[in-house]
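K.L.:
mmCIF, C-alpha atoms and all ligand atoms, saved as my_file.cif, coming up:
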```cif
data_coords
#
loop_
_atom_site.label_atom_id
_atom_site.label_comp_id
_atom_site.auth_asym_id
_atom_site.auth_seq_id
_atom_site.Cartn_x
_atom_site.Cartn_y
_atom_site.Cartn_z
CA MET A 1 151.29 12.13 -85.95
CA LEU A 2 150.85 8.36 -86.11
CA LYS A 3 154.08 7.50 -84.30
CA ASP A 4 153.81 4.19 -82.39
CA LYS A 5 150.62 3.27 -84.27
CA THR A 6 150.28 0.15 -86.36
CA ILE A 7 147.70 0.33 -89.11
CA ILE A 8 146.55 -2.96 -90.60
CA LEU A 9 145.65 -1.98 -94.15
CA GLY A 10 143.31 -4.39 -95.92
CA VAL A 11 143.46 -3.99 -99.69
CA THR A 12 140.66 -5.67 -101.60
CA GLY A 13 140.11 -6.30 -105.30
CA GLY A 14 139.16 -3.13 -107.07
CA ILE A 15 140.89 -0.75 -109.45
CA ALA A 16 141.27 1.72 -106.55
CA ALA A 17 143.85 -0.75 -105.11
CA TYR A 18 146.50 1.27 -106.96
CA LYS A 19 145.57 4.29 -104.79
CA ALA A 20 146.25 2.20 -101.69
CA ALA A 21 149.97 2.36 -102.55
CA ASP A 22 149.81 6.16 -102.20
CA LEU A 23 147.87 5.67 -98.98
CA VAL A 24 150.66 3.48 -97.55
CA SER A 25 153.24 6.10 -98.47
CA ARG A 26 151.20 8.85 -96.76
CA LEU A 27 150.68 6.75 -93.62
CA LYS A 28 154.43 6.06 -93.51
CA LYS A 29 155.09 9.82 -93.77
CA GLN A 30 153.02 10.17 -90.59
CA ASN A 31 155.38 7.58 -89.00
CA ALA A 32 152.81 4.78 -88.85
CA ASN A 33 153.86 1.15 -89.10
CA VAL A 34 151.75 -0.30 -91.91
CA GLU A 35 151.02 -4.02 -92.26
CA VAL A 36 149.27 -4.77 -95.53
CA ILE A 37 146.87 -7.67 -96.02
CA MET A 38 145.85 -8.21 -99.63
CA THR A 39 142.97 -10.32 -100.81
CA GLU A 40 143.47 -12.54 -103.84
CA GLY A 41 141.45 -10.07 -105.91
CA ALA A 42 143.67 -7.16 -104.86
CA ALA A 43 146.78 -9.03 -106.00
CA GLU A 44 145.23 -9.14 -109.50
CA PHE A 45 145.39 -5.33 -109.64
CA VAL A 46 148.65 -4.51 -107.81
CA THR A 47 151.52 -6.81 -106.89
CA PRO A 48 152.32 -7.54 -103.23
CA LEU A 49 155.86 -6.39 -104.00
CA THR A 50 154.58 -2.83 -104.49
CA PHE A 51 153.10 -2.78 -101.00
CA GLN A 52 156.14 -4.53 -99.52
CA THR A 53 158.38 -1.82 -100.96
CA MET A 54 156.12 1.02 -99.78
CA SER A 55 155.47 -0.36 -96.29
CA GLY A 56 158.86 -1.93 -95.58
CA ASN A 57 157.01 -5.00 -94.26
CA ILE A 58 156.20 -8.44 -95.63
CA VAL A 59 152.75 -8.34 -97.25
CA HIS A 60 150.23 -10.80 -95.87
CA THR A 61 148.16 -12.60 -98.44
CA LYS A 62 147.36 -16.15 -97.45
CA MET A 63 145.41 -17.66 -94.63
CA PHE A 64 147.70 -20.63 -94.25
CA ASN A 65 151.18 -19.12 -94.41
CA GLU A 66 153.95 -20.47 -92.28
CA ILE A 67 153.49 -19.68 -88.66
CA ILE A 68 155.30 -16.47 -87.80
CA ASP A 69 157.05 -16.27 -84.42
CA TYR A 70 154.99 -19.22 -83.24
CA ASP A 71 151.83 -17.08 -83.42
CA VAL A 72 148.92 -17.92 -85.66
CA GLU A 73 149.18 -15.16 -88.24
CA HIS A 74 145.61 -13.86 -88.15
CA ILE A 75 145.60 -13.69 -84.35
CA SER A 76 148.99 -12.02 -84.24
CA LEU A 77 147.97 -9.40 -86.83
CA ALA A 78 144.63 -8.76 -85.13
CA GLN A 79 146.40 -8.05 -81.86
CA LYS A 80 149.26 -6.08 -83.33
CA GLY A 81 147.19 -3.41 -85.05
CA ASP A 82 145.84 -0.24 -83.46
CA MET A 83 143.33 0.00 -86.27
CA ILE A 84 142.16 -1.95 -89.29
CA LEU A 85 141.60 0.14 -92.38
CA ILE A 86 140.11 -1.48 -95.45
CA ALA A 87 140.82 0.64 -98.52
CA PRO A 88 139.54 0.07 -101.08
CA ALA A 89 136.67 -1.91 -99.60
CA THR A 90 134.65 -3.82 -102.19
CA ALA A 91 130.96 -4.70 -101.86
CA ASN A 92 132.10 -8.32 -101.57
CA THR A 93 134.36 -7.78 -98.52
CA ILE A 94 131.83 -5.45 -96.87
CA GLY A 95 129.16 -8.11 -97.42
CA LYS A 96 131.31 -10.91 -96.03
CA ILE A 97 132.20 -9.03 -92.85
CA ALA A 98 128.60 -7.84 -92.32
CA ASN A 99 127.47 -11.46 -92.50
CA GLY A 100 130.15 -13.06 -90.37
CA ILE A 101 132.02 -14.75 -93.19
CA ALA A 102 135.73 -15.22 -92.52
CA ASP A 103 137.08 -17.08 -95.54
CA ASN A 104 140.35 -15.27 -96.19
CA LEU A 105 143.11 -13.71 -94.09
CA LEU A 106 141.61 -10.19 -94.10
CA THR A 107 138.08 -11.15 -93.08
CA THR A 108 139.49 -13.52 -90.45
CA VAL A 109 141.72 -10.81 -88.96
CA VAL A 110 138.70 -8.46 -88.79
CA MET A 111 136.72 -11.19 -87.04
CA ALA A 112 139.51 -11.82 -84.53
CA SER A 113 140.15 -8.16 -83.73
CA ASP A 114 138.62 -5.89 -81.11
CA LYS A 115 140.22 -2.76 -82.61
CA LYS A 116 138.54 0.00 -84.62
CA VAL A 117 137.71 -1.04 -88.18
CA PHE A 118 137.15 1.52 -90.95
CA PHE A 119 136.06 0.93 -94.52
CA ALA A 120 136.80 3.21 -97.48
CA PRO A 121 134.35 1.78 -100.03
CA ALA A 122 135.11 1.90 -103.75
CA MET A 123 132.72 0.49 -106.29
CA ASN A 124 130.44 1.26 -109.19
CA THR A 125 127.56 3.64 -108.35
CA LYS A 126 124.84 1.05 -108.98
CA MET A 127 126.61 -1.40 -106.68
CA TYR A 128 127.06 1.29 -104.02
CA GLN A 129 123.37 2.11 -104.19
CA ASN A 130 122.27 -1.53 -104.23
CA PRO A 131 119.93 -2.10 -101.25
CA ILE A 132 121.89 -5.23 -100.26
CA VAL A 133 125.15 -3.26 -100.04
CA LYS A 134 123.37 -0.38 -98.24
CA THR A 135 121.86 -2.82 -95.73
CA ASN A 136 125.26 -4.41 -95.09
CA MET A 137 126.83 -1.00 -94.51
CA GLU A 138 124.02 0.10 -92.18
CA LYS A 139 124.40 -3.14 -90.22
CA LEU A 140 128.14 -2.56 -89.83
CA LYS A 141 127.61 1.09 -88.83
CA ASP A 142 125.13 -0.01 -86.17
CA LEU A 143 127.77 -2.43 -84.88
CA GLY A 144 130.28 0.42 -84.51
CA TYR A 145 132.31 -0.02 -87.71
CA GLY A 146 133.35 3.26 -89.35
CA PHE A 147 132.99 4.35 -92.97
CA ILE A 148 134.98 6.93 -94.91
CA GLU A 149 132.33 7.90 -97.41
CA PRO A 150 133.26 7.65 -101.10
CA ALA A 151 133.30 10.71 -103.32
CA ILE A 152 131.20 11.47 -106.38
CA GLY A 153 133.22 11.44 -109.58
CA LYS A 154 134.18 9.65 -112.75
CA LEU A 155 134.59 5.96 -112.01
CA ALA A 156 136.97 3.48 -113.63
CA CYS A 157 134.01 1.87 -115.46
CA GLY A 158 133.31 5.20 -117.17
CA ASP A 159 130.17 6.01 -115.14
CA PHE A 160 129.88 9.24 -113.22
CA GLY A 161 128.48 9.03 -109.71
CA GLU A 162 128.91 7.97 -106.11
CA GLY A 163 131.43 5.24 -105.34
CA LYS A 164 134.88 6.73 -105.99
CA MET A 165 137.20 5.89 -103.08
CA ALA A 166 137.97 8.89 -100.85
CA GLU A 167 141.33 10.49 -101.66
CA PRO A 168 144.32 9.00 -99.78
CA ALA A 169 145.04 12.42 -98.17
CA ASP A 170 141.49 12.52 -96.78
CA ILE A 171 141.73 8.93 -95.57
CA VAL A 172 144.96 9.75 -93.70
CA ASP A 173 143.29 12.82 -92.13
CA PHE A 174 140.45 10.57 -91.05
CA VAL A 175 142.86 8.01 -89.57
CA ILE A 176 144.70 10.71 -87.61
CA GLY A 177 141.38 12.15 -86.40
CA SER A 178 140.16 8.76 -85.23
CA PHE A 179 143.01 8.55 -82.69
CA VAL A 180 142.16 11.94 -81.18
CA GLU A 181 140.29 11.85 -77.88
CA LYS A 182 136.63 12.85 -78.39
CA ASP A 183 136.65 15.35 -75.56
CA LEU A 184 134.33 17.84 -77.31
CA ARG A 185 131.60 15.31 -78.09
CA ASP A 186 128.05 16.74 -77.82
CA LYS A 187 129.31 20.33 -78.06
CA THR A 188 128.22 22.58 -80.90
CA ILE A 189 130.94 24.93 -82.05
CA VAL A 190 130.35 27.67 -84.61
CA ILE A 191 133.54 28.85 -86.31
CA THR A 192 133.89 31.72 -88.75
CA ALA A 193 136.81 31.67 -91.16
CA GLY A 194 138.32 33.42 -94.14
CA PRO A 195 137.69 36.91 -95.45
CA THR A 196 134.43 38.51 -96.48
CA ILE A 197 134.07 40.40 -99.74
CA GLU A 198 132.13 43.59 -100.37
CA PRO A 199 131.24 44.25 -104.01
CA LEU A 200 131.65 47.66 -105.57
CA ASP A 201 130.35 46.76 -109.02
CA PRO A 202 129.87 43.46 -110.91
CA VAL A 203 133.64 43.03 -111.38
CA ARG A 204 135.30 44.63 -108.32
CA PHE A 205 135.20 44.02 -104.60
CA MET A 206 136.91 44.94 -101.36
CA THR A 207 138.49 42.14 -99.28
CA ASN A 208 141.66 41.16 -97.36
CA HIS A 209 144.38 38.48 -97.38
CA SER A 210 142.69 35.90 -95.13
CA SER A 211 143.06 32.40 -96.60
CA GLY A 212 140.84 30.57 -94.11
CA LYS A 213 143.77 28.39 -92.94
CA MET A 214 143.47 29.44 -89.29
CA GLY A 215 139.70 28.94 -89.06
CA TYR A 216 139.72 25.68 -91.05
CA SER A 217 142.42 24.26 -88.74
CA ILE A 218 140.25 25.05 -85.72
CA ALA A 219 137.22 23.49 -87.43
CA LYS A 220 139.17 20.33 -88.25
CA ASN A 221 140.56 19.93 -84.74
CA ALA A 222 137.11 20.49 -83.21
CA ALA A 223 135.51 17.94 -85.56
CA ASP A 224 138.28 15.41 -84.83
CA ARG A 225 137.52 15.89 -81.14
CA GLY A 226 133.89 14.94 -81.69
CA ALA A 227 132.29 18.41 -81.74
CA ASN A 228 129.38 19.22 -83.98
CA VAL A 229 131.06 21.92 -86.07
CA ILE A 230 129.35 24.62 -88.11
CA LEU A 231 131.97 26.33 -90.26
CA ILE A 232 130.83 29.66 -91.70
CA THR A 233 133.35 30.71 -94.30
CA GLY A 234 133.98 33.56 -96.64
CA PRO A 235 135.44 32.79 -100.08
CA THR A 236 138.64 30.71 -99.89
CA SER A 237 140.55 28.45 -102.23
CA ILE A 238 141.48 25.78 -99.69
CA GLU A 239 139.72 22.47 -99.09
CA PRO A 240 137.32 22.58 -96.12
CA PRO A 241 137.60 19.80 -93.54
CA ARG A 242 135.26 16.82 -93.74
CA ASN A 243 132.69 16.15 -91.05
CA VAL A 244 131.68 19.79 -90.61
CA GLU A 245 128.53 21.62 -91.68
CA LEU A 246 129.84 24.12 -94.20
CA ILE A 247 128.08 27.43 -94.82
CA ARG A 248 129.55 29.67 -97.51
CA VAL A 249 128.96 33.42 -97.40
CA ASN A 250 130.32 36.44 -99.21
CA THR A 251 129.63 39.63 -97.30
CA THR A 252 129.98 40.57 -93.63
CA GLU A 253 126.19 41.00 -93.44
CA GLU A 254 125.72 37.43 -94.75
CA MET A 255 128.22 36.16 -92.17
CA LEU A 256 126.30 37.95 -89.42
CA ASN A 257 123.03 36.35 -90.56
CA ALA A 258 124.58 32.87 -90.81
CA VAL A 259 125.99 33.11 -87.28
CA GLY A 260 122.57 34.39 -86.12
CA LYS A 261 120.87 31.21 -87.37
CA HIS A 262 123.08 29.02 -85.16
CA PHE A 263 124.03 31.20 -82.21
CA ASP A 264 121.17 30.27 -79.86
CA ASP A 265 121.98 26.56 -80.12
CA CYS A 266 125.75 26.71 -79.95
CA ASP A 267 128.03 26.19 -76.96
CA VAL A 268 131.00 28.05 -78.44
CA LEU A 269 131.49 30.74 -81.09
CA ILE A 270 135.02 31.20 -82.44
CA LYS A 271 135.46 34.28 -84.62
CA SER A 272 138.65 33.65 -86.58
CA ALA A 273 137.31 35.25 -89.76
CA ALA A 274 138.55 38.58 -91.02
CA PRO A 275 135.29 40.32 -91.95
CA VAL A 276 135.59 43.52 -93.97
CA ASP A 277 134.76 46.42 -91.64
CA TYR A 278 133.55 48.92 -94.25
CA LYS A 279 131.66 48.37 -97.49
CA PRO A 280 131.12 50.65 -100.49
CA LYS A 281 128.04 52.81 -99.77
CA ASP A 282 126.61 52.21 -103.23
CA PHE A 283 126.78 49.16 -105.43
CA SER A 284 126.93 50.02 -109.12
CA GLN A 285 124.86 47.60 -111.21
CA SER A 286 127.14 48.17 -114.20
CA LYS A 287 130.95 48.21 -114.35
CA ILE A 288 132.31 51.60 -113.28
CA LYS A 289 134.09 53.12 -116.26
CA LYS A 290 137.56 54.62 -116.15
CA LYS A 291 137.36 58.38 -116.72
CA GLN A 292 140.15 59.43 -119.11
CA ASN A 293 140.45 62.99 -117.83
CA GLU A 294 140.26 62.30 -114.04
CA ASP A 295 143.32 61.14 -112.05
CA LYS A 296 141.48 60.58 -108.80
CA PHE A 297 138.64 58.27 -107.90
CA SER A 298 136.98 58.05 -104.50
CA ILE A 299 134.60 55.58 -102.99
CA GLU A 300 132.40 56.31 -100.02
CA TYR A 301 132.33 53.51 -97.47
CA VAL A 302 129.84 52.74 -94.72
CA LYS A 303 130.42 50.67 -91.61
CA ASN A 304 129.59 46.96 -91.62
CA PRO A 305 128.08 45.32 -88.52
CA ASP A 306 130.59 44.08 -85.96
CA ILE A 307 129.55 40.42 -85.70
CA ALA A 308 131.52 39.58 -82.55
CA ALA A 309 130.34 42.72 -80.74
CA HIS A 310 126.72 42.02 -81.72
CA PHE A 311 126.72 38.47 -80.28
CA GLY A 312 128.89 39.52 -77.34
CA LYS A 313 126.00 41.77 -76.27
CA ILE A 314 123.29 39.11 -76.44
CA LYS A 315 125.22 36.01 -75.38
CA GLU A 316 123.84 33.92 -72.52
CA ASN A 317 125.74 30.72 -71.82
CA GLN A 318 127.88 30.68 -74.94
CA ILE A 319 131.65 30.84 -74.75
CA MET A 320 132.97 33.40 -77.25
CA ILE A 321 136.48 33.58 -78.60
CA GLY A 322 137.73 36.35 -80.86
CA PHE A 323 140.92 37.06 -82.74
CA ALA A 324 142.79 40.33 -83.00
CA ALA A 325 144.85 40.97 -86.12
CA GLU A 326 147.25 43.78 -85.24
CA THR A 327 150.37 45.36 -86.69
CA ASP A 328 151.30 47.41 -83.58
CA ASN A 329 150.32 47.81 -79.90
CA LEU A 330 149.29 44.13 -79.90
CA TYR A 331 148.42 43.78 -76.19
CA GLU A 332 146.67 47.12 -75.83
CA TYR A 333 144.44 46.82 -78.93
CA ALA A 334 143.66 43.14 -78.33
CA ALA A 335 142.70 43.79 -74.69
CA GLU A 336 140.41 46.60 -75.86
CA LYS A 337 138.66 44.27 -78.36
CA LEU A 338 138.33 41.54 -75.71
CA LYS A 339 136.39 43.97 -73.53
CA GLN A 340 134.42 45.75 -76.24
CA LYS A 341 133.22 42.45 -77.78
CA ASN A 342 132.58 40.76 -74.39
CA LEU A 343 134.77 37.73 -75.22
CA ASP A 344 136.01 34.97 -72.93
CA PHE A 345 139.45 35.21 -74.45
CA ILE A 346 141.08 36.75 -77.48
CA VAL A 347 143.80 35.32 -79.70
CA ALA A 348 146.07 38.17 -80.71
CA ASN A 349 148.39 37.81 -83.68
CA ASP A 350 150.81 40.39 -84.96
CA VAL A 351 150.15 39.97 -88.67
CA SER A 352 153.24 41.98 -89.63
CA LYS A 353 155.55 39.26 -88.23
CA GLU A 354 157.02 36.64 -90.54
CA GLY A 355 155.26 33.30 -90.06
CA ALA A 356 152.19 34.88 -88.44
CA GLY A 357 148.74 35.94 -89.56
CA PHE A 358 147.42 35.89 -93.10
CA ASN A 359 147.90 33.13 -95.64
CA VAL A 360 150.75 31.21 -93.98
CA ASP A 361 150.71 27.75 -92.38
CA THR A 362 152.05 28.99 -89.04
CA ASN A 363 151.03 31.60 -86.50
CA ILE A 364 152.51 33.37 -83.49
CA ILE A 365 149.81 34.06 -80.92
CA THR A 366 149.20 35.64 -77.55
CA ILE A 367 146.09 34.62 -75.63
CA ILE A 368 144.57 37.28 -73.37
CA ASP A 369 141.72 36.17 -71.14
CA ASN A 370 139.03 38.17 -69.39
CA ASN A 371 140.79 37.80 -66.04
CA GLY A 372 143.78 39.67 -67.41
CA GLY A 373 145.90 36.52 -67.97
CA ILE A 374 148.36 36.80 -70.85
CA THR A 375 150.11 33.79 -72.45
CA ASN A 376 152.63 34.12 -75.26
CA TYR A 377 153.23 31.14 -77.56
CA PRO A 378 156.14 30.48 -79.92
CA LYS A 379 155.66 30.10 -83.66
CA MET A 380 153.54 26.99 -84.28
CA GLU A 381 151.75 25.30 -87.17
CA LYS A 382 148.15 26.54 -87.37
CA THR A 383 147.04 22.95 -86.69
CA GLN A 384 148.89 23.19 -83.36
CA VAL A 385 147.49 26.68 -82.63
CA ALA A 386 144.01 25.21 -83.18
CA LYS A 387 144.71 22.56 -80.54
CA VAL A 388 145.96 25.14 -78.03
CA ILE A 389 142.80 27.25 -78.53
CA LEU A 390 140.45 24.28 -78.23
CA ASP A 391 142.25 22.97 -75.12
CA ARG A 392 141.44 26.35 -73.52
CA VAL A 393 137.86 26.13 -74.74
CA LYS A 394 137.56 22.63 -73.25
CA TYR A 395 138.83 23.95 -69.93
CA LEU A 396 136.19 26.72 -69.96
CA LEU A 397 133.43 24.26 -70.91
CA ASP A 398 134.42 21.93 -68.05
CA ASP A 399 134.49 24.90 -65.70
CA LYS A 400 130.90 25.79 -66.65
CA GLY A 401 129.93 22.21 -65.91
O1 LIG B 1 142.78 33.03 -92.65
P1 LIG B 1 144.29 33.02 -92.47
O2 LIG B 1 145.03 33.34 -93.74
O3 LIG B 1 144.76 31.74 -91.85
O4 LIG B 1 144.67 34.20 -91.45
C1 LIG B 1 144.32 34.12 -90.12
C2 LIG B 1 143.85 35.47 -89.58
C3 LIG B 1 144.98 36.47 -89.62
C4 LIG B 1 142.66 36.01 -90.41
C5 LIG B 1 143.37 35.22 -88.10
O5 LIG B 1 144.44 34.72 -87.35
C6 LIG B 1 142.83 36.49 -87.46
O6 LIG B 1 143.55 37.28 -86.88
N1 LIG B 1 141.49 36.72 -87.57
C7 LIG B 1 140.83 37.96 -87.15
C8 LIG B 1 140.99 39.01 -88.21
C9 LIG B 1 140.26 40.29 -87.85
O7 LIG B 1 139.29 40.64 -88.45
O8 LIG B 1 140.73 40.87 -86.76
P2 LIG B 1 140.15 42.24 -86.15
O9 LIG B 1 141.14 42.60 -85.11
O10 LIG B 1 139.86 43.19 -87.24
O11 LIG B 1 138.77 41.81 -85.49
C10 LIG B 1 138.65 41.41 -84.14
C11 LIG B 1 137.60 40.33 -83.97
O12 LIG B 1 136.31 40.83 -84.37
C12 LIG B 1 137.85 39.11 -84.80
O13 LIG B 1 137.48 37.99 -84.05
C13 LIG B 1 136.91 39.29 -86.00
O14 LIG B 1 136.48 38.04 -86.52
C14 LIG B 1 135.76 40.05 -85.37
N2 LIG B 1 135.06 40.95 -86.31
C15 LIG B 1 135.73 41.92 -86.97
C16 LIG B 1 135.05 42.77 -87.81
C17 LIG B 1 133.66 42.63 -87.95
N3 LIG B 1 132.98 43.43 -88.75
N4 LIG B 1 133.02 41.66 -87.30
C18 LIG B 1 133.69 40.82 -86.46
O15 LIG B 1 133.11 39.92 -85.85
#
```
Please render this file's structure as structure tokens.

P.N.:
Amino acid sequence: MLKDKTIILGVTGGIAAYKAADLVSRLKKQNANVEVIMTEGAAEFVTPLTFQTMSGNIVHTKMFNEIIDYDVEHISLAQKGDMILIAPATANTIGKIANGIADNLLTTVVMASDKKVFFAPAMNTKMYQNPIVKTNMEKLKDLGYGFIEPAIGKLACGDFGEGKMAEPADIVDFVIGSFVEKDLRDKTIVITAGPTIEPLDPVRFMTNHSSGKMGYSIAKNAADRGANVILITGPTSIEPPRNVELIRVNTTEEMLNAVGKHFDDCDVLIKSAAPVDYKPKDFSQSKIKKKQNEDKFSIEYVKNPDIAAHFGKIKENQIMIGFAAETDNLYEYAAEKLKQKNLDFIVANDVSKEGAGFNVDTNIITIIDNNGGITNYPKMEKTQVAKVILDRVKYLLDDKG
């Protein structure tokens, strides 16, 4: 995904420098060319040879190296990169750049570059919360520099708190996202994902196999494209994307209420969740006991609200997309749901096919629109399916003007 991109990776002097080696390896897996610049401090933690081996390029460390290809090194690096990523970024390097100090190769390259610059800070919590550091970061943000916020966790110094460098996998996601065109900027997109669960007693519930992968992929793609994303999710065990407002729910009723809070202000509602259609009529406050002399056990179910149908009835300007999970008569049932729920288009997937539907990384979809248009797609990664769906959404948004 980063083919033809050159990332200038600035590694500064903190213990998280060792994680930067993993970061290089992950960027290389995405086919990026990685040029590493290490500060003197960084070289105290990890050797340049490590980064040279991982990146397959000479590691840049000194300001006054021999001139390479008759270019001055800092100018040549500044022009060569599509992005400068500083990970880990210490308070010292952040402070220098915020105050126009260019006293080593990295800070000089940043000064000489007109490309995007992102910092992944890593430092002790007290340092991270220091007003001087905060002011420097705010200044840089105002100037258009990007930050990949650190996580909260156990730090190398033994403290627990804010300041742990973001995980390399998340940094790579962020890098990929930063190259995506922001064509959904200023749009608010509500996405539902995952299953819902309907409790029967304190230890049992009714649910389905939805993992949330489909909905989370759509949420990630929309956020990468600059949309303001509200992701309403049932219980899942996968990591939600960054840069989305996450709302966790359990039951179909809770999902309905959460969508209701945001529906009036959204431009698009995408219903990729698999809400449970029926719930047990009665919830038993205590665990239902097994009866030794009875072989049968029945539960009475009552209908849950149909979220998509409810909002389909009251929608004004919103674009609404639904999914149809079918095992037979795909076109017929999906077309019926498209009409009944008053959707703009429906994404039908035959969940009985291998590589489609629940809890897999791929999907095989057919899009049916409300003009009767039908498009079949081959098996694709869910990340790719998400792009296809949002390209259609973008088209509809542009059409509305
Ligand atoms: O989460 P994954 O493991 O990645 O799996 C993806 C998926 C199979 C869940 C997804 O691709 C999908 O098909 N989602 C819709 C599942 C579903 O509930 O389909 P349905 O045909 O029963 O419902 C039709 C539409 O009505 C859906 O948009 C659904 O979100 C919506 N619905 C359904 C029931 C209900 N009570 N309220 C609803 O809004």

K.L.:
Let me have all residues with an atom within 6 Å of ligand LIG 1 (chain B), counting only C-alpha atoms and all ligand atoms, laid out as a ChimeraX atom specification.

P.N.:
/A:194,210-214,271-277,304-308,322-325,349,357-359

K.L.:
Might you pull out every residue within 10 Å of Asn221 of chain A, with only C-alpha atoms counted and same-chain residues fewer than 2 positions away left off, and present them as a PyMOL selection string?

P.N.:
chain A and resi 177+180+184+216-219+223-227+229+241+383-387+389-390

K.L.:
Could the residues in this selection be written to a file with C-alpha atoms, as a PDB file, keeping the file's coordinate frame?

P.N.:
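To be explicit, this is the file written out as part-v7.pdb:
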```pdb
ATOM      1  CA  GLY A 177     141.380  12.150 -86.400  1.00  0.00           C
ATOM      2  CA  VAL A 180     142.160  11.940 -81.180  1.00  0.00           C
ATOM      3  CA  LEU A 184     134.330  17.840 -77.310  1.00  0.00           C
ATOM      4  CA  TYR A 216     139.720  25.680 -91.050  1.00  0.00           C
ATOM      5  CA  SER A 217     142.420  24.260 -88.740  1.00  0.00           C
ATOM      6  CA  ILE A 218     140.250  25.050 -85.720  1.00  0.00           C
ATOM      7  CA  ALA A 219     137.220  23.490 -87.430  1.00  0.00           C
ATOM      8  CA  ALA A 223     135.510  17.940 -85.560  1.00  0.00           C
ATOM      9  CA  ASP A 224     138.280  15.410 -84.830  1.00  0.00           C
ATOM     10  CA  ARG A 225     137.520  15.890 -81.140  1.00  0.00           C
ATOM     11  CA  GLY A 226     133.890  14.940 -81.690  1.00  0.00           C
ATOM     12  CA  ALA A 227     132.290  18.410 -81.740  1.00  0.00           C
ATOM     13  CA  VAL A 229     131.060  21.920 -86.070  1.00  0.00           C
ATOM     14  CA  PRO A 241     137.600  19.800 -93.540  1.00  0.00           C
ATOM     15  CA  THR A 383     147.040  22.950 -86.690  1.00  0.00           C
ATOM     16  CA  GLN A 384     148.890  23.190 -83.360  1.00  0.00           C
ATOM     17  CA  VAL A 385     147.490  26.680 -82.630  1.00  0.00           C
ATOM     18  CA  ALA A 386     144.010  25.210 -83.180  1.00  0.00           C
ATOM     19  CA  LYS A 387     144.710  22.560 -80.540  1.00  0.00           C
ATOM     20  CA  ILE A 389     142.800  27.250 -78.530  1.00  0.00           C
ATOM     21  CA  LEU A 390     140.450  24.280 -78.230  1.00  0.00           C
TER      22      LEU A 390
END
```

K.L.:
Which one of A:Met123, A:Val175, A:Ile270, A:Met206 sits closest to Gly161 of chain A if you count only C-alpha atoms?

P.N.:
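Of the candidates, the smallest distance to Gly161 of chain A is held by A:Met123.
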
K.L.:
Go through A:Asn99, A:Ser55, A:Asn208, A:Asn130 and flag the residue nearest Arg26 of chain A, using all atoms listed in the file for the distances.

P.N.:
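Using all atoms listed in the file, the shortest distance to Arg26 of chain A belongs to A:Ser55.
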
K.L.:
Write out as number ranges by chain each polymer residue whose atoms come within 8 Å of Val133 of chain A, counting all atoms listed in the file; drop sequence neighbours fewer than 6 positions from it.

P.N.:
A: 91, 94-95, 127
